[in-house]
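Below is one structure, written out as structure tokens; comments come after it.
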Amino acid sequence: MAAYVVVDVERTDLERASRYSEMSGPSVERHGGRFLARGGAISVLEGGWHPQRVVVIEFESVGAAHEWYHSEDYRAARDVRKDAGDWRMVVVDGV
């Protein structure tokens, strides 16, 4: 069953965040993930959530998403983004 990684990002260091993006994109693809949304315009429909940037990544399963997140290449990307902002990330089962 497909699974989705949903990321709410507040970037504070755009240069460092950009380097992270350059590394994280190929990492996602290497681990079978596919970006469904990566930034772009946001329109709030309800509530008080006003994210700066939202990313949605599809993986074939929750296990595949966890394998990507804990992989050596993604760990290196996370190290690059240290102090570049706040990343809030969840993985959810698809239907």
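By order of appearance in the structure tokens: chains A, B, ..., then residues from 1 within every chain, and ligands from 1 in the order shown.
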Once you count only C-alpha atoms, what closest atom pair and distance in Å to one decimal does each residue of stretch 31-50 of chain A within 8 Å of stretch 61-74 of chain A have, with rows by chain and rising residue number, as a tab-separated table?
residue	atom	partner	partner_atom	distance
A:His31	CA	A:Trp68	CA	5.7
A:Gly32	CA	A:Ala64	CA	7.8
A:Gly33	CA	A:Ala65	CA	7.7
Please identify the alpha helix (DSSP H) residues within chain A (assignment by DSSP from backbone atoms) and present them as a VMD selection string. chain A and resid 14 to 30 62 to 69 72 to 80
Please save N, CA, C and O atoms of the selected residues as a CSV table (one decimal), in the first residue's frame.
chain,number,residue,atom,x,y,z
A,14,LEU,N,18.2,30.1,3.5
A,14,LEU,CA,17.8,29.6,2.2
A,14,LEU,C,19.0,28.9,1.5
A,14,LEU,O,18.8,28.0,0.7
A,15,GLU,N,20.2,29.4,1.7
A,15,GLU,CA,21.3,28.8,1.0
A,15,GLU,C,21.5,27.3,1.5
A,15,GLU,O,21.7,26.4,0.7
A,16,ARG,N,21.5,27.1,2.8
A,16,ARG,CA,21.7,25.8,3.3
A,16,ARG,C,20.5,24.9,2.9
A,16,ARG,O,20.6,23.7,2.6
A,17,ALA,N,19.3,25.5,3.0
A,17,ALA,CA,18.1,24.7,2.6
A,17,ALA,C,18.2,24.3,1.1
A,17,ALA,O,17.7,23.2,0.7
A,18,SER,N,18.7,25.2,0.3
A,18,SER,CA,18.9,24.9,-1.1
A,18,SER,C,19.9,23.7,-1.4
A,18,SER,O,19.6,22.8,-2.2
A,19,ARG,N,21.0,23.7,-0.6
A,19,ARG,CA,21.9,22.6,-0.7
A,19,ARG,C,21.3,21.3,-0.3
A,19,ARG,O,21.5,20.2,-0.9
A,20,TYR,N,20.4,21.4,0.8
A,20,TYR,CA,19.7,20.2,1.3
A,20,TYR,C,18.8,19.7,0.1
A,20,TYR,O,18.8,18.5,-0.1
A,21,SER,N,18.1,20.6,-0.5
A,21,SER,CA,17.1,20.2,-1.6
A,21,SER,C,17.9,19.5,-2.7
A,21,SER,O,17.4,18.5,-3.3
A,22,GLU,N,19.1,20.0,-3.1
A,22,GLU,CA,19.9,19.4,-4.1
A,22,GLU,C,20.3,17.9,-3.8
A,22,GLU,O,20.4,17.1,-4.7
A,23,MET,N,20.4,17.7,-2.5
A,23,MET,CA,20.8,16.3,-2.1
A,23,MET,C,19.6,15.4,-1.8
A,23,MET,O,19.6,14.2,-2.1
A,24,SER,N,18.5,16.0,-1.3
A,24,SER,CA,17.4,15.2,-0.9
A,24,SER,C,16.6,14.7,-2.1
A,24,SER,O,16.1,13.6,-2.0
A,25,GLY,N,16.5,15.5,-3.1
A,25,GLY,CA,15.7,15.1,-4.3
A,25,GLY,C,16.3,13.8,-4.9
A,25,GLY,O,15.5,12.8,-5.1
A,26,PRO,N,17.6,13.7,-5.2
A,26,PRO,CA,18.1,12.4,-5.7
A,26,PRO,C,18.0,11.3,-4.7
A,26,PRO,O,17.8,10.1,-5.1
A,27,SER,N,18.1,11.6,-3.5
A,27,SER,CA,17.9,10.6,-2.4
A,27,SER,C,16.5,10.0,-2.5
A,27,SER,O,16.4,8.7,-2.4
A,28,VAL,N,15.5,10.8,-2.5
A,28,VAL,CA,14.2,10.3,-2.6
A,28,VAL,C,14.0,9.4,-3.8
A,28,VAL,O,13.5,8.3,-3.7
A,29,GLU,N,14.5,9.9,-5.0
A,29,GLU,CA,14.3,9.1,-6.2
A,29,GLU,C,15.1,7.8,-6.1
A,29,GLU,O,14.6,6.7,-6.6
A,30,ARG,N,16.3,7.8,-5.6
A,30,ARG,CA,17.1,6.6,-5.4
A,30,ARG,C,16.4,5.5,-4.6
A,30,ARG,O,16.6,4.3,-4.8
A,62,VAL,N,5.0,2.3,3.9
A,62,VAL,CA,5.6,3.0,5.1
A,62,VAL,C,7.0,2.5,5.3
A,62,VAL,O,7.9,3.3,5.6
A,63,GLY,N,7.2,1.2,5.2
A,63,GLY,CA,8.6,0.6,5.3
A,63,GLY,C,9.6,1.3,4.4
A,63,GLY,O,10.7,1.6,4.8
A,64,ALA,N,9.2,1.5,3.1
A,64,ALA,CA,10.1,2.1,2.1
A,64,ALA,C,10.4,3.5,2.6
A,64,ALA,O,11.5,4.0,2.4
A,65,ALA,N,9.4,4.2,3.1
A,65,ALA,CA,9.6,5.6,3.5
A,65,ALA,C,10.6,5.6,4.7
A,65,ALA,O,11.5,6.5,4.7
A,66,HIS,N,10.4,4.7,5.6
A,66,HIS,CA,11.4,4.6,6.8
A,66,HIS,C,12.8,4.3,6.3
A,66,HIS,O,13.8,4.8,6.8
A,67,GLU,N,12.9,3.4,5.3
A,67,GLU,CA,14.2,3.0,4.8
A,67,GLU,C,14.9,4.2,4.2
A,67,GLU,O,16.1,4.4,4.4
A,68,TRP,N,14.1,5.0,3.4
A,68,TRP,CA,14.7,6.2,2.8
A,68,TRP,C,15.1,7.2,3.9
A,68,TRP,O,16.3,7.7,3.9
A,69,TYR,N,14.3,7.4,4.9
A,69,TYR,CA,14.6,8.4,6.0
A,69,TYR,C,15.8,8.0,6.7
A,69,TYR,O,16.6,8.9,7.1
A,72,GLU,N,21.8,6.2,4.5
A,72,GLU,CA,23.0,7.0,4.7
A,72,GLU,C,23.0,8.3,3.8
A,72,GLU,O,23.4,9.3,4.3
A,73,ASP,N,22.5,8.2,2.6
A,73,ASP,CA,22.5,9.4,1.7
A,73,ASP,C,21.5,10.4,2.2
A,73,ASP,O,21.8,11.6,2.2
A,74,TYR,N,20.3,10.0,2.8
A,74,TYR,CA,19.4,11.0,3.3
A,74,TYR,C,19.9,11.6,4.6
A,74,TYR,O,19.7,12.8,4.9
A,75,ARG,N,20.6,10.7,5.4
A,75,ARG,CA,21.2,11.2,6.7
A,75,ARG,C,22.2,12.3,6.3
A,75,ARG,O,22.3,13.4,7.0
A,76,ALA,N,23.0,12.2,5.3
A,76,ALA,CA,23.9,13.2,4.9
A,76,ALA,C,23.2,14.5,4.5
A,76,ALA,O,23.6,15.6,4.8
A,77,ALA,N,22.1,14.4,3.8
A,77,ALA,CA,21.3,15.6,3.4
A,77,ALA,C,20.7,16.3,4.7
A,77,ALA,O,20.8,17.5,4.8
A,78,ARG,N,20.3,15.5,5.6
A,78,ARG,CA,19.8,16.1,6.9
A,78,ARG,C,20.9,16.8,7.6
A,78,ARG,O,20.7,17.9,8.2
A,79,ASP,N,22.1,16.3,7.6
A,79,ASP,CA,23.2,17.0,8.2
A,79,ASP,C,23.5,18.3,7.6
A,79,ASP,O,23.8,19.3,8.3
A,80,VAL,N,23.3,18.4,6.2
A,80,VAL,CA,23.5,19.7,5.5
A,80,VAL,C,22.5,20.7,5.9
A,80,VAL,O,22.7,21.9,6.0
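Across A:Ala37, A:Val44, A:Val95, A:Ile57, the tightest approach to A:Tyr4 is made by A:Ile57 when counting only C-alpha atoms.
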Could you give me the residues within stretch 12-64 of chain A that DSSP places in strand (DSSP E), as number ranges by chain? A: 34-38, 53-59
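Residues in contact with stretch 54-56 of chain A at up to 7 Å, not including ones fewer than 6 positions away on its chain and judged by only C-alpha atoms, are Tyr4, Val5, Val6, Val7, Asp8, Val9, Phe35, Leu36, Ala37, Arg38 and Gly39 of chain A.
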Could you give me, as number ranges by chain, the residues within 7 Å of A:Met1, counting only C-alpha atoms and dropping anything in the same chain fewer than 2 positions from it? A: 3, 60-61, 94
Could you take the residues named above and write them with N, CA, C and O atoms, as an mmCIF file, in the first residue's frame?
data_model
loop_
_atom_site.group_PDB
_atom_site.id
_atom_site.type_symbol
_atom_site.label_atom_id
_atom_site.label_comp_id
_atom_site.auth_asym_id
_atom_site.auth_seq_id
_atom_site.Cartn_x
_atom_site.Cartn_y
_atom_site.Cartn_z
ATOM 1 N N ALA A 3 2.376 4.937 0.691
ATOM 2 C CA ALA A 3 2.500 5.758 1.898
ATOM 3 C C ALA A 3 3.001 7.127 1.467
ATOM 4 O O ALA A 3 3.658 7.264 0.426
ATOM 5 N N GLU A 60 6.249 3.439 -1.913
ATOM 6 C CA GLU A 60 5.405 2.258 -2.113
ATOM 7 C C GLU A 60 4.829 1.722 -0.813
ATOM 8 O O GLU A 60 3.834 1.012 -0.828
ATOM 9 N N SER A 61 5.458 2.070 0.336
ATOM 10 C CA SER A 61 4.975 1.588 1.624
ATOM 11 C C SER A 61 5.564 2.444 2.743
ATOM 12 O O SER A 61 6.524 3.194 2.527
ATOM 13 N N GLY A 94 -1.414 5.288 2.802
ATOM 14 C CA GLY A 94 -2.401 5.674 1.789
ATOM 15 C C GLY A 94 -3.622 4.775 1.879
ATOM 16 O O GLY A 94 -3.685 3.854 2.696
#
